[in-house]
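*Asks:* Structure supplied as model-v5.tsv; contents: TSV, C-alpha atoms.
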chain	number	residue	atom	x	y	z
A	1	MET	CA	8.65	-27.04	-6.42
A	2	TYR	CA	5.64	-27.87	-8.54
A	3	ALA	CA	3.14	-27.12	-5.77
A	4	ALA	CA	4.98	-23.94	-4.77
A	5	GLY	CA	4.96	-22.77	-8.37
A	6	ARG	CA	1.24	-23.41	-8.64
A	7	ALA	CA	0.61	-21.50	-5.39
A	8	VAL	CA	2.61	-18.52	-6.64
A	9	GLN	CA	0.71	-18.63	-9.94
A	10	PHE	CA	-2.57	-18.58	-8.06
A	11	LEU	CA	-1.39	-15.60	-6.02
A	12	GLY	CA	-0.54	-13.79	-9.25
A	13	LEU	CA	-4.00	-14.50	-10.64
A	14	VAL	CA	-5.67	-13.18	-7.49
A	15	ILE	CA	-3.61	-9.98	-7.61
A	16	SER	CA	-4.32	-9.52	-11.32
A	17	GLY	CA	-8.03	-10.05	-10.69
A	18	SER	CA	-8.03	-7.45	-7.95
A	19	ALA	CA	-6.66	-4.94	-10.46
A	20	PHE	CA	-10.01	-5.10	-12.25
A	21	PHE	CA	-11.84	-3.97	-9.13
A	22	VAL	CA	-9.36	-1.14	-8.57
A	23	GLY	CA	-10.09	0.11	-12.07
A	24	VAL	CA	-13.86	-0.22	-11.76
A	25	PHE	CA	-14.37	1.21	-8.27
A	26	ASP	CA	-11.53	3.74	-7.99
A	27	GLN	CA	-11.51	4.82	-11.66
A	28	ASN	CA	-7.71	4.83	-11.47
A	29	SER	CA	-6.30	3.35	-14.67
A	30	ARG	CA	-2.69	3.97	-13.74
A	31	ARG	CA	-2.98	2.01	-10.48
A	32	GLU	CA	-4.98	-0.70	-12.24
A	33	LEU	CA	-2.21	-1.25	-14.79
A	34	LEU	CA	0.44	-1.19	-12.08
A	35	ILE	CA	-1.33	-3.88	-10.06
A	36	LEU	CA	-1.98	-5.88	-13.22
A	37	GLY	CA	1.74	-5.77	-14.08
A	38	ILE	CA	2.71	-6.85	-10.58
A	39	GLY	CA	0.26	-9.75	-10.73
A	40	ALA	CA	1.58	-10.79	-14.13
A	41	ALA	CA	5.17	-10.71	-12.87
A	42	ILE	CA	4.24	-12.86	-9.86
A	43	PHE	CA	2.38	-15.29	-12.14
A	44	PHE	CA	5.43	-15.50	-14.42
A	45	ALA	CA	7.68	-16.18	-11.42
A	46	GLY	CA	5.38	-19.04	-10.41
A	47	TRP	CA	5.45	-20.37	-13.95
A	48	MET	CA	9.25	-20.35	-13.88
A	49	LEU	CA	9.24	-22.19	-10.53
A	50	GLN	CA	6.89	-24.79	-11.96
A	51	ARG	CA	9.12	-25.35	-15.00
A	52	THR	CA	12.23	-26.00	-12.90
A	53	ARG	CA	10.74	-29.38	-11.98
A	54	ARG	CA	11.55	-30.84	-15.40
Show the structure stored in the file as C-alpha cells.
*Replies:*
Amino acid sequence: MYAAGRAVQFLGLVISGSAFFVGVFDQNSRRELLILGIGAAIFFAGWMLQRTRR
C-alpha cells in the first residue's frame, strides 16, 4: 500500500501542477482552482493510503 499511496500522491502533484498552466495560458481562474482542488483531493487520498501501512 505504501508504493500505491506514493503513486497516487505523485498523480495528485502532477494534476495540481497542471492547474498552474491552465491559469497562465487559459486565463481561467475558476478552472484553475477546480483542477487544483481535484489534485489536492487526489494527493490527500494517496496520503491516506500511505498512512494505512502503519
*Asks:* Could you give me, as an mmCIF file with C-alpha atoms, keeping the file's coordinate frame, the residues within 12 Å of A:Arg31, counting all atoms listed in the file and dropping anything in the same chain fewer than 6 positions from it?
*Replies:*
data_model
loop_
_atom_site.group_PDB
_atom_site.id
_atom_site.type_symbol
_atom_site.label_atom_id
_atom_site.label_comp_id
_atom_site.auth_asym_id
_atom_site.auth_seq_id
_atom_site.Cartn_x
_atom_site.Cartn_y
_atom_site.Cartn_z
ATOM 1 C CA SER A 16 -4.320 -9.520 -11.320
ATOM 2 C CA SER A 18 -8.030 -7.450 -7.950
ATOM 3 C CA ALA A 19 -6.660 -4.940 -10.460
ATOM 4 C CA PHE A 20 -10.010 -5.100 -12.250
ATOM 5 C CA PHE A 21 -11.840 -3.970 -9.130
ATOM 6 C CA VAL A 22 -9.360 -1.140 -8.570
ATOM 7 C CA GLY A 23 -10.090 0.110 -12.070
ATOM 8 C CA VAL A 24 -13.860 -0.220 -11.760
ATOM 9 C CA PHE A 25 -14.370 1.210 -8.270
ATOM 10 C CA GLY A 37 1.740 -5.770 -14.080
ATOM 11 C CA ILE A 38 2.710 -6.850 -10.580
#
*Asks:* At a cut-off of 9 Å around the point (0.9, -13.5, -7.3) (file coordinates), what residues fall inside when counting only C-alpha atoms? I'd like the answer as a JSON list (two decimals) with C-alpha atoms, in the frame of the given file.
*Replies:*
[["chain", "number", "residue", "atom", "x", "y", "z"],
["A", 7, "ALA", "CA", 0.61, -21.50, -5.39],
["A", 8, "VAL", "CA", 2.61, -18.52, -6.64],
["A", 9, "GLN", "CA", 0.71, -18.63, -9.94],
["A", 10, "PHE", "CA", -2.57, -18.58, -8.06],
["A", 11, "LEU", "CA", -1.39, -15.60, -6.02],
["A", 12, "GLY", "CA", -0.54, -13.79, -9.25],
["A", 13, "LEU", "CA", -4.00, -14.50, -10.64],
["A", 14, "VAL", "CA", -5.67, -13.18, -7.49],
["A", 15, "ILE", "CA", -3.61, -9.98, -7.61],
["A", 16, "SER", "CA", -4.32, -9.52, -11.32],
["A", 38, "ILE", "CA", 2.71, -6.85, -10.58],
["A", 39, "GLY", "CA", 0.26, -9.75, -10.73],
["A", 40, "ALA", "CA", 1.58, -10.79, -14.13],
["A", 41, "ALA", "CA", 5.17, -10.71, -12.87],
["A", 42, "ILE", "CA", 4.24, -12.86, -9.86],
["A", 43, "PHE", "CA", 2.38, -15.29, -12.14],
["A", 44, "PHE", "CA", 5.43, -15.50, -14.42],
["A", 45, "ALA", "CA", 7.68, -16.18, -11.42],
["A", 46, "GLY", "CA", 5.38, -19.04, -10.41]]
*Asks:* I'd like the contact shell of A:Gly5 - 7 Å cut-off, only C-alpha atoms, skipping same-chain residues fewer than 5 positions apart - returned as a compact mmCIF listing (two decimals) with C-alpha atoms, keeping the file's coordinate frame.
*Replies:*
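Dumped to result00.txt:
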# COMPACT_ATOMS: atom_id res chain seq x y z
CA GLY A 46 5.38 -19.04 -10.41
CA TRP A 47 5.45 -20.37 -13.95
CA LEU A 49 9.24 -22.19 -10.53
CA GLN A 50 6.89 -24.79 -11.96
